[in-house]
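A.B. asks: Enclosed is the structure file my_file11.cif (mmCIF, C-alpha atoms and all ligand atoms).
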data_run
loop_
_atom_site.label_atom_id
_atom_site.label_comp_id
_atom_site.auth_asym_id
_atom_site.auth_seq_id
_atom_site.Cartn_x
_atom_site.Cartn_y
_atom_site.Cartn_z
CA MET T 764 -43.92 64.66 0.81
CA HIS T 765 -46.63 62.26 -0.33
CA LEU T 766 -47.26 58.90 1.33
CA MET T 767 -48.62 57.01 -1.67
CA SER T 768 -46.21 54.66 -3.43
CA GLU T 769 -44.57 56.18 -6.44
CA PRO T 770 -46.16 54.73 -9.63
CA VAL T 771 -43.81 52.84 -11.94
CA LEU T 772 -44.73 52.58 -15.62
CA TRP T 773 -43.76 49.25 -17.19
CA THR T 774 -43.09 49.80 -20.89
CA GLY T 775 -43.76 47.31 -23.68
CA ASP T 776 -40.22 45.92 -23.51
CA GLY T 777 -40.57 45.29 -19.75
CA SER T 778 -38.54 48.32 -18.59
CA PRO T 779 -39.49 50.36 -15.53
CA HIS T 780 -40.03 54.04 -16.28
CA SER T 781 -40.71 57.13 -14.15
CA ALA T 782 -43.43 59.52 -15.32
CA ARG T 783 -42.31 62.09 -12.74
CA PHE T 784 -38.79 62.31 -14.23
CA ASN T 785 -39.51 60.95 -17.71
CA ASP T 786 -36.58 58.58 -17.44
CA ARG T 787 -35.91 54.87 -17.11
CA TYR T 788 -35.01 53.30 -13.73
CA ARG T 789 -32.22 51.22 -15.22
CA SER T 790 -30.00 50.70 -18.23
CA LYS T 791 -31.38 49.41 -21.51
CA SER T 792 -28.77 46.65 -21.17
CA GLY T 793 -30.52 45.35 -18.04
CA GLY T 794 -30.59 46.21 -14.37
CA LEU T 795 -28.35 43.43 -13.19
CA ALA T 796 -25.72 44.12 -15.84
CA GLN T 797 -25.71 47.76 -14.73
CA ALA T 798 -25.51 46.91 -11.04
CA SER T 799 -22.52 44.63 -11.52
CA SER T 800 -20.57 46.34 -14.28
CA VAL T 801 -21.17 49.94 -13.25
CA PHE T 802 -21.75 50.03 -9.50
CA LEU T 803 -20.06 46.97 -7.99
CA ALA T 804 -17.12 46.97 -10.42
CA GLY T 805 -16.79 50.77 -10.27
CA CYS T 806 -16.42 50.54 -6.47
CA ASP T 807 -13.99 47.61 -6.70
CA LEU T 808 -16.47 45.19 -5.12
CA PRO T 809 -16.42 42.48 -3.94
CA ALA T 810 -12.62 42.82 -3.47
CA GLY T 811 -13.02 46.07 -1.52
CA TRP T 812 -14.79 44.50 1.45
CA PHE T 813 -12.26 41.69 1.90
CA GLY T 814 -10.91 41.55 5.46
CA ARG T 815 -13.34 44.15 6.79
CA ASN T 816 -15.62 43.54 9.79
CA ARG T 817 -18.17 45.92 8.41
CA PHE T 818 -18.63 47.63 5.05
CA THR T 819 -21.02 50.49 4.28
CA VAL T 820 -22.40 51.38 0.86
CA LEU T 821 -24.15 54.74 0.50
CA GLU T 822 -26.50 55.14 -2.47
CA THR T 823 -28.40 58.13 -3.81
CA GLY T 824 -31.70 56.83 -5.27
CA PHE T 825 -33.01 53.50 -3.91
CA GLY T 826 -35.56 53.19 -6.71
CA LEU T 827 -36.45 49.53 -7.28
CA GLY T 828 -33.73 48.30 -4.95
CA LEU T 829 -31.84 46.46 -7.65
CA ASN T 830 -28.41 47.75 -6.66
CA PHE T 831 -29.12 46.72 -3.08
CA LEU T 832 -30.22 43.21 -4.13
CA ALA T 833 -27.21 42.82 -6.43
CA THR T 834 -24.81 43.96 -3.70
CA TRP T 835 -26.39 41.61 -1.16
CA ALA T 836 -26.17 38.75 -3.71
CA ALA T 837 -22.48 39.48 -4.41
CA TRP T 838 -21.82 39.55 -0.66
CA GLU T 839 -23.65 36.28 -0.06
CA VAL T 840 -21.70 34.27 -2.63
CA ASP T 841 -18.32 35.73 -1.70
CA ALA T 842 -16.30 33.41 0.55
CA LEU T 843 -14.10 36.39 1.52
CA ARG T 844 -16.96 38.74 2.36
CA CYS T 845 -16.90 41.27 5.19
CA GLY T 846 -18.64 40.37 8.44
CA ARG T 847 -21.50 42.83 8.01
CA LEU T 848 -22.84 44.73 5.04
CA HIS T 849 -24.70 47.98 5.65
CA PHE T 850 -26.45 49.47 2.62
CA VAL T 851 -27.77 53.00 3.16
CA SER T 852 -29.89 54.56 0.44
CA VAL T 853 -31.74 57.87 0.07
CA GLU T 854 -35.08 57.95 -1.73
CA ALA T 855 -37.73 60.68 -1.99
CA TYR T 856 -40.38 58.66 -3.81
CA PRO T 857 -40.53 55.03 -2.62
CA VAL T 858 -42.21 52.57 -4.98
CA ALA T 859 -44.59 49.73 -4.07
CA ALA T 860 -43.37 46.29 -2.97
CA ALA T 861 -44.94 44.68 -6.06
CA ASP T 862 -42.75 46.83 -8.32
CA ILE T 863 -39.62 45.79 -6.41
CA VAL T 864 -40.46 42.13 -7.07
CA ARG T 865 -41.37 42.77 -10.70
CA SER T 866 -38.10 44.62 -11.19
CA ALA T 867 -36.11 41.76 -9.67
CA LEU T 868 -37.92 39.25 -11.88
CA THR T 869 -37.05 41.19 -15.01
CA ALA T 870 -33.57 42.40 -14.05
CA SER T 871 -31.85 39.98 -16.42
CA CYS T 872 -32.76 37.10 -18.70
CA CYS T 873 -31.85 34.61 -15.95
CA SER T 874 -33.39 36.35 -12.92
CA MET T 875 -36.52 34.20 -12.91
CA ALA T 876 -34.48 31.01 -12.86
CA ASN T 877 -32.46 31.94 -9.78
CA PRO T 878 -34.35 30.93 -6.62
CA GLU T 879 -31.95 32.68 -4.21
CA TRP T 880 -32.21 35.92 -6.13
CA LEU T 881 -36.01 35.76 -6.02
CA ALA T 882 -36.01 34.83 -2.34
CA ARG T 883 -34.00 37.97 -1.51
CA ALA T 884 -36.37 40.18 -3.50
CA GLN T 885 -39.37 38.59 -1.77
CA ALA T 886 -37.77 38.99 1.65
CA LEU T 887 -37.36 42.70 0.96
CA ALA T 888 -40.88 43.05 -0.45
CA GLN T 889 -42.41 41.32 2.58
CA MET T 890 -40.97 43.94 4.91
CA TRP T 891 -41.63 46.85 2.55
CA HIS T 892 -44.71 48.99 3.15
CA ASP T 893 -45.68 52.58 2.40
CA LEU T 894 -42.63 54.25 3.89
CA LYS T 895 -43.10 57.54 5.71
CA PRO T 896 -40.42 60.24 5.54
CA GLY T 897 -37.53 59.37 7.85
CA PHE T 898 -35.21 56.41 8.40
CA HIS T 899 -36.22 52.77 8.00
CA ASP T 900 -34.00 49.79 8.85
CA PHE T 901 -34.47 46.31 7.42
CA ASP T 902 -32.36 43.39 8.66
CA PHE T 903 -31.58 40.23 6.67
CA VAL T 904 -29.31 37.20 7.19
CA ASP T 905 -29.59 37.44 10.98
CA GLY T 906 -28.72 41.13 10.87
CA ARG T 907 -25.49 40.64 8.93
CA VAL T 908 -27.04 42.53 6.02
CA ARG T 909 -28.76 45.75 7.02
CA LEU T 910 -30.60 48.08 4.66
CA THR T 911 -31.34 51.63 5.81
CA VAL T 912 -33.66 53.63 3.55
CA ALA T 913 -33.68 57.36 4.23
CA VAL T 914 -36.96 58.61 2.83
CA GLY T 915 -36.89 62.27 1.87
CA GLU T 916 -35.13 64.85 -0.27
CA VAL T 917 -31.57 63.86 -1.03
CA GLN T 918 -29.77 66.83 0.53
CA THR T 919 -31.95 66.91 3.64
CA MET T 920 -31.53 63.20 4.28
CA LEU T 921 -27.79 63.19 3.60
CA GLY T 922 -27.54 66.03 6.10
CA CYS T 923 -29.33 63.93 8.76
CA LEU T 924 -27.43 60.69 8.08
CA ASP T 925 -24.89 59.40 10.53
CA CYS T 926 -22.69 57.05 8.52
CA GLN T 927 -19.28 56.80 6.94
CA ALA T 928 -19.35 55.26 3.50
CA ASP T 929 -16.76 52.81 2.21
CA ALA T 930 -18.38 52.91 -1.24
CA VAL T 931 -20.85 55.26 -2.89
CA TYR T 932 -23.30 54.57 -5.72
CA LEU T 933 -24.63 57.74 -7.39
CA ASP T 934 -27.83 56.59 -9.08
CA GLY T 935 -30.25 59.46 -9.62
CA PHE T 936 -32.08 59.74 -12.90
CA SER T 937 -30.08 61.42 -15.64
CA PRO T 938 -28.45 64.71 -14.56
CA ALA T 939 -30.37 66.62 -17.25
CA LEU T 940 -33.75 65.39 -15.98
CA ASN T 941 -33.00 65.12 -12.24
CA PRO T 942 -30.47 67.89 -11.47
CA GLN T 943 -31.05 67.92 -7.66
CA MET T 944 -29.44 64.47 -7.41
CA TRP T 945 -26.21 65.72 -9.01
CA SER T 946 -25.90 69.32 -7.85
CA ALA T 947 -22.68 70.60 -6.30
CA ASP T 948 -24.50 70.74 -2.93
CA THR T 949 -25.61 67.11 -3.21
CA LEU T 950 -22.12 65.94 -4.17
CA ARG T 951 -20.69 67.92 -1.25
CA ALA T 952 -23.21 66.31 1.11
CA VAL T 953 -22.11 62.89 -0.19
CA ALA T 954 -18.42 63.73 0.25
CA LEU T 955 -19.06 64.59 3.91
CA HIS T 956 -19.84 60.88 4.43
CA CYS T 957 -16.63 59.69 2.73
CA ARG T 958 -13.24 58.82 4.19
CA PRO T 959 -9.92 58.78 2.35
CA GLY T 960 -10.13 55.72 0.11
CA THR T 961 -13.93 55.62 -0.26
CA THR T 962 -14.75 54.41 -3.76
CA LEU T 963 -17.56 55.87 -5.87
CA ALA T 964 -19.31 54.76 -9.04
CA THR T 965 -21.95 56.10 -11.36
CA TYR T 966 -23.36 55.26 -14.77
CA THR T 967 -23.10 58.84 -16.02
CA ALA T 968 -19.98 60.53 -17.33
CA ALA T 969 -21.59 63.99 -17.43
CA ARG T 970 -18.90 66.66 -17.35
CA SER T 971 -20.59 68.56 -14.51
CA VAL T 972 -20.58 65.45 -12.31
CA ARG T 973 -16.99 64.63 -13.13
CA ASP T 974 -15.82 68.19 -12.46
CA GLY T 975 -17.92 68.43 -9.29
CA LEU T 976 -16.37 65.24 -7.90
CA GLU T 977 -12.85 66.35 -8.79
CA ARG T 978 -13.38 69.69 -7.04
CA LEU T 979 -14.30 67.81 -3.86
CA GLY T 980 -11.13 65.71 -3.89
CA PHE T 981 -12.19 62.59 -5.79
CA LEU T 982 -9.73 61.06 -8.22
CA VAL T 983 -12.06 60.32 -11.11
CA GLN T 984 -11.57 57.84 -13.94
CA ARG T 985 -13.73 57.81 -17.04
CA CYS T 986 -14.20 54.15 -17.95
CA SER T 987 -15.93 52.47 -20.86
CA GLY T 988 -19.64 52.34 -20.16
CA LEU T 989 -22.39 49.76 -20.41
CA PRO T 990 -24.02 50.19 -23.85
CA PRO T 991 -25.74 52.38 -24.92
CA LYS T 992 -23.64 54.61 -22.61
CA ARG T 993 -20.15 55.22 -23.96
CA HIS T 994 -18.65 56.06 -20.59
CA ARG T 995 -19.19 55.79 -16.83
CA LEU T 996 -17.26 57.16 -13.87
CA ALA T 997 -15.32 55.35 -11.16
CA ALA T 998 -13.62 57.39 -8.45
CA VAL T 999 -11.70 57.26 -5.18
CA PHE T 1000 -11.91 59.93 -2.49
CA LEU T 1001 -8.41 61.28 -1.93
CA PRO T 1002 -9.01 64.69 -0.37
C1 LIG S 1101 -32.41 55.62 -11.44
S1 LIG S 1101 -33.48 55.52 -10.06
C2 LIG S 1101 -32.57 54.54 -8.91
C3 LIG S 1101 -32.49 53.08 -9.25
C4 LIG S 1101 -32.03 52.22 -8.06
N1 LIG S 1101 -30.73 52.57 -7.59
C5 LIG S 1101 -32.16 50.74 -8.28
O1 LIG S 1101 -31.18 50.01 -8.06
O2 LIG S 1101 -33.25 50.27 -8.61
C6 LIG S 1101 -33.32 57.13 -9.33
C7 LIG S 1101 -34.05 57.28 -8.01
O3 LIG S 1101 -33.75 58.57 -7.46
C8 LIG S 1101 -34.90 59.05 -6.79
N2 LIG S 1101 -34.83 60.52 -6.66
C9 LIG S 1101 -34.94 61.45 -7.65
N3 LIG S 1101 -34.82 62.69 -7.17
C10 LIG S 1101 -34.63 62.59 -5.84
C11 LIG S 1101 -34.41 63.54 -4.79
N4 LIG S 1101 -34.37 64.84 -5.05
N5 LIG S 1101 -34.21 63.08 -3.54
C12 LIG S 1101 -34.22 61.73 -3.30
N6 LIG S 1101 -34.43 60.78 -4.24
C13 LIG S 1101 -34.64 61.19 -5.50
C14 LIG S 1101 -36.03 58.62 -7.71
O4 LIG S 1101 -37.27 58.61 -7.05
C15 LIG S 1101 -35.56 57.24 -8.17
O5 LIG S 1101 -36.10 56.22 -7.38
#
Show me, as structure tokens, the structure contained in the file I just sent.
C.D. replies:
Amino acid sequence: MHLMSEPVLWTGDGSPHSARFNDRYRSKSGGLAQASSVFLAGCDLPAGWFGRNRFTVLETGFGLGLNFLATWAAWEVDALRCGRLHFVSVEAYPVAAADIVRSALTASCCSMANPEWLARAQALAQMWHDLKPGFHDFDFVDGRVRLTVAVGEVQTMLGCLDCQADAVYLDGFSPALNPQMWSADTLRAVALHCRPGTTLATYTAARSVRDGLERLGFLVQRCSGLPPKRHRLAAVFLP
């Protein structure tokens, strides 16, 4: 495990790209559009946290932290939000703080004009440093929003995690280019953190992922995707 920040390549159209995996960090339609229409909507959020004291989201692939920032933003503006939001994310190759801010600035056409959105990204970036392997907690909003980043290989870190997820975001790079994030063992390790009723969302509709989730007891729905993707998956754990 290296301790340098993972380099992010910013392409001509302003998209973040990984040289290690030769894939983009977020949808061509925009990071914020993907966070809300694939991950939040696929997990029935914000409705799903209504009436709960505490709600835990488990993510595979923290990347540029956009899903975290979008989930925190949705929580903050929701009058019916849960008391506490815990966002737990696994990441083997943490990026630099400057890339997190740049990603937030370019996440949608209106990101730059939203002061609260930028303030959240800057709050995260201020606490962010070269993360060593292991667990790192970051508290925001007087501790009502907690981010835990588990730095290390996905299966190892899922095996060490002590949390029960109410919602799961599967957000590795594409299954063809990043198979470890979608293997049957990884999906099984995710399912071990789920309870009956845990919701799950991902941008891919790859057959192997869909079948793998169904084998573990998820009820999987193939929904229309965010262009250019034709489909995405939304699921509920009903073992
Ligand atoms: C598509 S990006 C995630 C984007 C992120 N969710 C966001 O909101 O910005 C996929 C992430 O998975 C991470 N990753 C890939 N393989 C991994 C592995 N085997 N273990 C842990 N993380 C991995 C990559 O480093 C990358 O940051």
A.B. asks: Could you give me, as a list in words, the residues within 9 Å of stretch 903-905 of chain T, counting all atoms listed in the file and dropping anything in the same chain fewer than 2 positions from it?
C.D. replies: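 The neighbour list is Arg883, Ala886, Leu887, Phe901, Arg907, Val908, Arg909 and Leu910 of chain T.
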A.B. asks: Would you please work out which residue, of T:Leu808, T:Val914, T:Ala859, T:Leu950, is nearest to ligand LIG 1101 (chain S) when using all atoms listed in the file?
C.D. replies: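 Residue with the minimum atom-to-atom distance to ligand LIG 1101 (chain S): T:Val914.
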A.B. asks: Interatomic distance between atom CA of T:Gly915 and atom CA of T:Cys806?
C.D. replies: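 Computed distance, atom CA of T:Gly915 to atom CA of T:Cys806, equals 25.0 Å.
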A.B. asks: For ligand LIG 1101 (chain S), list the contacting residues at 7 Å or closer, counting all atoms listed in the file, as an MDAnalysis selection string.
C.D. replies: chainID T and resid 787:789 823:831 853:857 915:917 934:936 941 943:944
A.B. asks: Excluding T:Phe850 and residues on its chain fewer than 6 positions from it, collect all residues at most 10 Å away from it, counting only C-alpha atoms, and give them as a compact mmCIF listing (two decimals) with C-alpha atoms, keeping the file's coordinate frame.
C.D. replies:
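Output file out-v1.txt is given in full below:
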# COMPACT_ATOMS: atom_id res chain seq x y z
CA PHE T 818 -18.63 47.63 5.05
CA THR T 819 -21.02 50.49 4.28
CA VAL T 820 -22.40 51.38 0.86
CA LEU T 821 -24.15 54.74 0.50
CA GLU T 822 -26.50 55.14 -2.47
CA ASN T 830 -28.41 47.75 -6.66
CA PHE T 831 -29.12 46.72 -3.08
CA LEU T 832 -30.22 43.21 -4.13
CA THR T 834 -24.81 43.96 -3.70
CA TRP T 835 -26.39 41.61 -1.16
CA ASP T 900 -34.00 49.79 8.85
CA PHE T 901 -34.47 46.31 7.42
CA VAL T 908 -27.04 42.53 6.02
CA ARG T 909 -28.76 45.75 7.02
CA LEU T 910 -30.60 48.08 4.66
CA THR T 911 -31.34 51.63 5.81
CA VAL T 912 -33.66 53.63 3.55
CA ALA T 928 -19.35 55.26 3.50
CA ALA T 930 -18.38 52.91 -1.24
CA VAL T 931 -20.85 55.26 -2.89
A.B. asks: Could you please determine the separation between atom CA of T:Val953 and atom CA of T:Ala861 in Å, to one decimal place?
C.D. replies: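 That distance, rounded to one decimal, is 29.8 Å.
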A.B. asks: To one decimal in Å, tell me the separation between atom CA of T:Gly922 and atom CA of T:Ala782.
C.D. replies: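 Distance between the two atoms: 27.5 Å.
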A.B. asks: Around the point (-12.6, 51.9, 5.0), in the coordinates given by the file, pick out the residues reaching within 12 Å, counting all atoms listed in the file, and return them as a list in words.
C.D. replies: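 Output of the proximity query reads Gly811, Trp812, Phe813, Gly814, Arg815, Asn816, Arg817, Phe818, Thr819, Val820, Cys845, Cys926, Gln927, Ala928, Asp929, Ala930, Val931, His956, Cys957, Arg958, Pro959, Gly960, Thr961, Thr962, Val999 and Phe1000 of chain T.
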A.B. asks: Select, from T:Glu839, T:Ser768, T:Ala833, T:Val858, the residue with the minimum atom-to-atom distance to T:Val801, counting all atoms listed in the file.
C.D. replies: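 Checking each of T:Glu839, T:Ser768, T:Ala833, T:Val858 against T:Val801, counting all atoms listed in the file, the winner is T:Ala833.
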A.B. asks: Using all atoms listed in the file, pick whichever of T:Pro991, T:Ala882, T:Thr965, T:Met767 has the shortest atom-to-atom distance to T:Ser799.
C.D. replies: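 So, comparing all the options, the nearest one is T:Thr965.
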A.B. asks: From (-34.0, 41.0, -16.0), in the file's coordinates, out to 10 Å: which residues are reached, counting all atoms listed in the file? Answer as a VMD selection string.
C.D. replies: chain T and resid 777 to 778 792 to 796 865 to 875
A.B. asks: Point out the residue among T:Glu769, T:Asp902, T:Asp807, T:Asp974 with the least atom-to-atom distance to T:Trp945, counting only C-alpha atoms.
C.D. replies: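 Among the listed residues, the smallest separation from T:Trp945 belongs to T:Asp974.
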A.B. asks: May I ask which of the residues T:Leu996, T:Val840, T:Asp948, T:Leu848 is the closest one to T:Tyr932, counting all atoms listed in the file?
C.D. replies: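 Ranked by minimum distance to T:Tyr932, first place goes to T:Leu996.
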